[in-house]
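Undergrad: Just my_file.txt, nothing more (compact mmCIF, C-alpha atoms):
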# COMPACT_ATOMS: atom_id res chain seq x y z
CA ALA X 282 96.43 133.62 81.93
CA THR X 283 99.48 131.90 80.48
CA MET X 284 99.38 128.50 78.83
CA ALA X 285 101.31 127.10 81.80
CA GLY X 286 98.55 128.10 84.19
CA ARG X 287 95.34 127.51 82.16
CA ASN X 288 94.28 125.12 79.46
CA ARG X 289 91.27 123.56 77.72
CA GLY X 290 87.98 123.79 79.56
CA ASP X 291 89.40 126.60 81.73
CA TRP X 292 90.86 124.05 84.19
CA SER X 293 93.96 125.07 86.11
CA TYR X 294 96.91 123.09 84.78
CA THR X 295 100.27 122.89 86.50
CA PRO X 296 103.29 123.69 84.32
CA GLU X 297 104.32 120.02 84.66
CA TYR X 298 100.96 118.79 83.37
CA THR X 299 101.16 121.14 80.40
CA ARG X 300 104.68 119.87 79.69
CA ILE X 301 103.44 116.27 79.77
CA LEU X 302 100.62 117.04 77.31
CA GLU X 303 103.13 118.56 74.91
CA SER X 304 105.70 115.77 75.22
CA ASN X 305 103.00 113.10 74.80
CA LYS X 306 102.48 114.26 71.22
CA LYS X 307 105.90 112.81 70.37
CA LEU X 308 105.88 109.63 72.49
CA ASP X 309 105.09 106.09 71.38
CA PHE X 310 102.86 104.25 73.87
CA SER X 311 102.45 101.02 71.90
CA THR X 312 104.23 98.92 74.55
CA PHE X 313 101.46 99.77 77.03
CA GLN X 314 98.94 97.94 74.86
CA GLU X 315 100.38 94.66 76.17
CA TYR X 316 98.68 95.01 79.55
CA PRO X 317 95.51 96.82 80.69
CA LEU X 318 96.90 99.50 83.00
CA ILE X 319 94.09 101.89 82.07
CA GLN X 320 91.13 101.18 79.78
CA LYS X 321 88.06 103.03 78.60
CA ILE X 322 85.43 100.30 78.45
CA GLY X 323 82.31 102.13 77.31
CA LEU X 324 79.50 104.10 78.91
CA ASP X 325 77.54 103.57 82.12
CA PRO X 326 73.70 103.58 82.12
CA ASP X 327 73.78 107.40 82.45
CA GLY X 328 75.98 107.79 79.38
CA ARG X 329 79.19 108.62 81.25
CA PRO X 330 82.51 107.10 80.09
CA VAL X 331 83.90 104.35 82.32
CA LEU X 332 87.63 103.94 82.99
CA ILE X 333 89.23 100.88 84.59
CA PHE X 334 92.56 101.47 86.33
CA ILE X 335 94.59 98.38 87.33
CA PRO X 336 97.78 99.75 88.94
CA CYS X 337 99.29 96.40 89.96
CA PHE X 338 100.88 96.40 86.49
CA LEU X 339 103.04 99.29 87.69
CA ARG X 340 104.78 96.98 90.14
CA ARG X 341 106.75 95.29 87.37
CA GLN X 342 108.38 98.70 86.83
CA GLN X 343 108.52 99.94 90.40
CA ASP X 344 112.33 99.95 90.56
CA ASP X 345 112.68 101.86 87.28
CA ALA X 346 111.96 105.57 87.76
CA ASP X 347 112.04 106.26 84.01
CA ALA X 348 109.53 103.47 83.33
CA LEU X 349 107.20 104.83 86.01
CA ASP X 350 107.49 108.29 84.48
CA ARG X 351 106.50 106.88 81.07
CA ALA X 352 103.58 105.10 82.71
CA PHE X 353 102.41 108.38 84.20
CA HIS X 354 102.65 110.02 80.78
CA TYR X 355 100.59 107.16 79.38
CA LEU X 356 97.88 107.60 82.03
CA VAL X 357 97.62 111.28 81.13
CA HIS X 358 97.53 110.42 77.43
CA GLU X 359 94.64 108.00 77.92
CA THR X 360 92.57 110.07 80.35
CA ASP X 361 93.00 113.78 79.64
CA ASP X 362 90.09 114.06 77.22
CA VAL X 363 87.87 111.59 79.10
CA VAL X 364 88.01 113.44 82.43
CA SER X 365 87.14 116.80 80.89
CA SER X 366 83.49 115.92 81.59
CA GLU X 367 81.78 113.58 84.06
CA TYR X 368 83.24 110.07 84.14
CA VAL X 369 83.26 106.88 86.23
CA LEU X 370 86.45 105.30 87.54
CA VAL X 371 86.79 101.63 88.46
CA TYR X 372 89.95 101.25 90.55
CA CYS X 373 91.20 97.67 91.08
CA HIS X 374 93.34 97.45 94.19
CA SER X 375 94.26 93.80 93.56
CA LYS X 376 97.91 93.02 94.47
CA MET X 377 98.64 96.71 95.04
CA ASN X 378 100.57 98.38 97.87
CA TRP X 379 100.89 102.14 97.58
CA LEU X 380 103.04 102.27 100.72
CA GLU X 381 106.05 100.89 98.84
CA PRO X 382 108.41 103.88 98.43
CA ASN X 383 108.41 104.15 94.64
CA MET X 384 104.67 103.51 94.44
CA PHE X 385 104.03 106.19 97.06
CA THR X 386 106.17 108.63 95.06
CA PHE X 387 104.15 107.79 91.94
CA LEU X 388 100.90 108.38 93.83
CA ARG X 389 102.17 111.67 95.24
CA ASN X 390 103.12 112.75 91.73
CA CYS X 391 99.56 112.09 90.60
CA TYR X 392 98.25 114.25 93.43
CA ASP X 393 100.67 117.09 92.74
CA VAL X 394 100.44 117.17 88.94
CA LEU X 395 96.95 116.09 87.85
CA PRO X 396 94.58 119.06 87.49
CA ARG X 397 91.39 119.59 89.45
CA LYS X 398 89.15 118.15 86.71
CA TYR X 399 90.23 114.60 87.63
CA LYS X 400 88.59 114.99 91.04
CA LYS X 401 85.83 117.43 90.13
CA ASN X 402 84.39 115.43 87.23
CA ILE X 403 84.50 111.97 88.78
CA ALA X 404 80.86 110.89 89.14
CA LYS X 405 81.54 107.54 90.83
CA LEU X 406 84.68 105.87 92.17
CA TYR X 407 84.31 102.11 92.45
CA ILE X 408 87.12 100.58 94.53
CA VAL X 409 87.46 96.88 93.75
CA HIS X 410 89.09 94.46 96.24
CA ALA X 411 90.10 97.14 98.74
CA SER X 412 92.50 95.85 101.39
CA PHE X 413 92.05 96.54 105.09
CA THR X 414 95.01 98.93 104.91
CA LEU X 415 93.45 100.92 102.07
CA ARG X 416 90.09 101.15 103.83
CA THR X 417 91.86 102.34 106.99
CA LEU X 418 93.81 105.01 105.10
CA PHE X 419 90.61 106.21 103.48
CA ALA X 420 88.89 106.33 106.86
CA PHE X 421 91.68 108.48 108.33
CA SER X 422 91.58 110.83 105.35
CA ARG X 423 87.82 111.31 105.52
CA PRO X 424 87.97 114.53 107.61
CA PHE X 425 90.17 116.12 104.94
CA MET X 426 87.83 115.37 102.01
CA SER X 427 84.40 116.79 101.29
CA GLU X 428 81.27 114.80 102.04
CA LYS X 429 80.31 115.28 98.40
CA PHE X 430 83.38 113.31 97.35
CA TRP X 431 82.76 110.47 99.81
CA LYS X 432 79.26 109.99 98.43
CA LYS X 433 80.90 109.08 95.13
CA VAL X 434 82.99 106.25 96.64
CA VAL X 435 81.66 102.69 96.43
CA TYR X 436 83.57 99.64 97.71
CA VAL X 437 83.12 96.53 95.55
CA ASP X 438 84.01 93.00 96.65
CA TRP X 439 82.55 91.12 93.68
CA LEU X 440 83.10 91.83 89.99
CA ASP X 441 79.52 90.70 89.37
CA ASP X 442 78.29 93.71 91.36
CA LEU X 443 80.09 95.98 88.90
CA MET X 444 78.49 94.20 85.98
CA GLN X 445 75.06 94.99 87.39
CA ASN X 446 75.67 98.65 88.19
CA VAL X 447 78.41 100.07 85.98
CA ILE X 448 78.17 98.80 82.44
CA GLN X 449 75.78 96.40 80.75
CA LEU X 450 77.80 93.57 79.20
CA GLY X 451 77.47 89.82 79.08
CA GLU X 452 79.29 88.00 81.89
CA GLY X 453 82.03 86.58 79.67
CA GLU X 454 82.66 89.87 77.88
CA PHE X 455 82.69 91.75 81.19
CA ARG X 456 85.13 89.40 82.94
CA ARG X 457 87.54 89.61 80.04
CA LEU X 458 88.05 93.26 80.96
CA PHE X 459 89.82 92.11 84.13
CA PRO X 460 93.13 90.21 83.93
CA HIS X 461 93.78 86.89 85.61
CA VAL X 462 95.47 88.56 88.62
CA VAL X 463 92.24 90.42 89.48
CA GLN X 464 90.01 87.38 89.10
CA ARG X 465 92.40 85.26 91.15
CA GLU X 466 92.48 87.86 93.93
CA GLU X 467 88.70 87.83 94.14
CA ALA X 468 88.50 84.06 94.36
CA LEU X 469 91.11 83.86 97.12
CA ALA X 470 89.43 86.63 99.11
CA HIS X 471 86.19 84.65 99.13
CA ASP X 472 87.76 81.24 99.82
CA GLU X 473 86.99 79.99 96.35
CA ILE X 474 89.22 77.96 94.06
CA PRO X 475 91.03 80.57 91.93
CA PRO X 476 90.83 80.32 88.14
CA SER X 477 93.79 78.44 86.72
CA ILE X 478 95.50 78.96 83.38
CA PHE X 479 97.32 75.63 83.36
CA GLY X 480 95.11 72.65 82.73
CA ALA X 481 91.95 74.71 82.26
CA PRO X 482 89.62 73.80 79.37
CA LEU X 483 90.25 76.03 76.37
CA ASP X 484 86.66 77.29 76.18
CA SER X 485 86.71 78.22 79.88
CA LEU X 486 90.04 80.02 79.48
CA CYS X 487 88.78 82.00 76.52
CA GLU X 488 85.63 82.93 78.40
CA ARG X 489 87.68 84.48 81.22
CA THR X 490 90.60 86.02 79.37
CA GLY X 491 89.38 86.65 75.86
CA GLN X 492 92.46 84.96 74.41
Kindly return the structure encoded in the file as structure tokens.
TA:
Amino acid sequence: ATMAGRNRGDWSYTPEYTRILESNKKLDFSTFQEYPLIQKIGLDPDGRPVLIFIPCFLRRQQDDADALDRAFHYLVHETDDVVSSEYVLVYCHSKMNWLEPNMFTFLRNCYDVLPRKYKKNIAKLYIVHASFTLRTLFAFSRPFMSEKFWKKVVYVDWLDDLMQNVIQLGEGEFRRLFPHVVQREEALAHDEIPPSIFGAPLDSLCERTGQ
């Protein structure tokens, strides 16, 4: 098979995915270090790598097609090797709306371009702070997905539940993996007082944000 059709691990790669892998060798992704769009945070109790994906950071670029394209390149850059074997994905839906036109286009691009290994090798998909709309969309799509896949999906309302089941870290260290926007969303969803940056004690702020 040609390079455009096959690649490492004998996974089928689209020509576009192969092009992205090649172009990524020459791109500088340092600006993406400023916010945690995608992170590898360690291993779960079964030794599988854990990725956290927080797509709400894409919304700051949603009106810039070139910026969204660079973000997609960055996601591929950070995940291509990880997803070549079994992995766990923590998806934070906080402040996200995939029905916005540019966000939907981005999502469709992921579906069209990412190779089969992204779906095949996912061992667990933890969906954090799923909205009613997202749950409804997933429910409607259930007949079109295999039962094997749905057994991998776990809805999570509390970050503490992730800490118990996904990766063994201390509470402070674990919460620092999630930005203020995610922690605030959780508090509001459960009628709690959201964490505040302004006026908060320095030790409390450091505990939550790691700053």
Undergrad: Go through X:Trp379, X:Phe310, X:Tyr355, X:Tyr392 one by one, measure the shortest atom-to-atom distance of each to Arg340 (chain X) using all atoms listed in the file, and give the residue with the smallest value.
TA: X:Trp379
Undergrad: Around the point (112.4, 103.6, 92.2), in the coordinates given by the file, pick out the residues reaching within 9 Å, counting all atoms listed in the file, and return them as a PDB file with C-alpha atoms, in the frame of the given file.
TA:
ATOM      1  CA  GLN X 342     108.380  98.700  86.830  1.00  0.00           C
ATOM      2  CA  GLN X 343     108.520  99.940  90.400  1.00  0.00           C
ATOM      3  CA  ASP X 344     112.330  99.950  90.560  1.00  0.00           C
ATOM      4  CA  ASP X 345     112.680 101.860  87.280  1.00  0.00           C
ATOM      5  CA  ALA X 346     111.960 105.570  87.760  1.00  0.00           C
ATOM      6  CA  ASP X 347     112.040 106.260  84.010  1.00  0.00           C
ATOM      7  CA  LEU X 349     107.200 104.830  86.010  1.00  0.00           C
ATOM      8  CA  PRO X 382     108.410 103.880  98.430  1.00  0.00           C
ATOM      9  CA  ASN X 383     108.410 104.150  94.640  1.00  0.00           C
ATOM     10  CA  MET X 384     104.670 103.510  94.440  1.00  0.00           C
ATOM     11  CA  THR X 386     106.170 108.630  95.060  1.00  0.00           C
TER      12      THR X 386
END
Undergrad: Please identify all polymer residues within 8 Å of Tyr298 (chain X), counting only C-alpha atoms, omitting same-chain residues fewer than 3 positions from it, and present them as a PyMOL selection string.
TA: chain X and resi 294-295+301-302+394-396
Undergrad: Nearest to Phe413 (chain X): which of X:Asp393, X:Asn378, X:Val371, X:Pro326 is it, counting all atoms listed in the file?
TA: X:Asn378
Undergrad: Nearest to Phe455 (chain X): which of X:Met377, X:Val363, X:Ile322, X:Leu339 is it, counting all atoms listed in the file?
TA: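 Ranking X:Met377, X:Val363, X:Ile322, X:Leu339 by distance to Phe455 (chain X), first place goes to X:Ile322.
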Undergrad: Let me make sure I understand: among X:Leu418, X:Ala352, X:Val447, X:Leu458, which one has the smallest atom-to-atom distance to Tyr368 (chain X) if we use all atoms listed in the file?
TA: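 Closest candidate: X:Val447.
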Undergrad: Could you list, as JSON, numbers by chain, every residue within 8 Å of Leu324 (chain X), counting only C-alpha atoms and ignoring same-chain residues fewer than 6 positions away?
TA: {"X": [330, 331, 448]}
Undergrad: Show me, as a list in words, the residues that have an atom within 9 Å of Tyr436 (chain X) when counting all atoms listed in the file, minus same-chain residues fewer than 2 positions from it.
TA: Leu406, Tyr407, Ile408, Val409, His410, Ala411, Val434 and Asp438 of chain X
Undergrad: Those selected residues, please, written with C-alpha atoms and delivered as a compact mmCIF listing (two decimals), in the coordinates of the input.
TA:
# COMPACT_ATOMS: atom_id res chain seq x y z
CA LEU X 406 84.68 105.87 92.17
CA TYR X 407 84.31 102.11 92.45
CA ILE X 408 87.12 100.58 94.53
CA VAL X 409 87.46 96.88 93.75
CA HIS X 410 89.09 94.46 96.24
CA ALA X 411 90.10 97.14 98.74
CA VAL X 434 82.99 106.25 96.64
CA ASP X 438 84.01 93.00 96.65
Undergrad: Counting all atoms listed in the file, what is within 7 Å of Ile333 (chain X), bar same-chain residues fewer than 2 positions away, as a PyMOL selection string?
TA: chain X and resi 319-321+331+335+370-372
Undergrad: Could those selected residues go to a file with C-alpha atoms, as a compact mmCIF listing (two decimals), in the frame of the given file?
TA:
# COMPACT_ATOMS: atom_id res chain seq x y z
CA ILE X 319 94.09 101.89 82.07
CA GLN X 320 91.13 101.18 79.78
CA LYS X 321 88.06 103.03 78.60
CA VAL X 331 83.90 104.35 82.32
CA ILE X 335 94.59 98.38 87.33
CA LEU X 370 86.45 105.30 87.54
CA VAL X 371 86.79 101.63 88.46
CA TYR X 372 89.95 101.25 90.55
Undergrad: Write out as a CSV table (one decimal) with C-alpha atoms, in the frame of the given file the residues lying within 7 Å of Ser365 (chain X), counting only C-alpha atoms and excluding same-chain residues fewer than 3 positions away.
TA:
chain,number,residue,atom,x,y,z
X,361,ASP,CA,93.0,113.8,79.6
X,362,ASP,CA,90.1,114.1,77.2
X,398,LYS,CA,89.2,118.2,86.7
Undergrad: Calculated over all atoms listed in the file, which of the candidates X:Thr417, X:Thr360, X:Ser293, X:Thr312 has the smallest distance to Ala348 (chain X)?
TA: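 Selected residue with least distance to Ala348 (chain X): X:Thr312.
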Undergrad: Name the closest residue to Gln464 (chain X) among the candidates X:Ser375, X:Asn390, X:Ser412, X:Gln445; distances are taken between atoms, counting only C-alpha atoms.
TA: X:Ser375
Undergrad: Would you mind reading off the distance between CA of Phe353 (chain X) and CA of Pro336 (chain X), one decimal, in Å?
TA: 10.9 Å
Undergrad: Could you jot down the CA of His358 (chain X) to CA of Glu466 (chain X) separation for me, Å, one decimal place?
TA: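 That distance, rounded to one decimal, is 28.4 Å.
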Undergrad: Report the distance between CA of Glu381 (chain X) and CA of Asp309 (chain X) in Å, rounded to one decimal place.
TA: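 CA of Glu381 (chain X) sits 28.0 Å away from CA of Asp309 (chain X).
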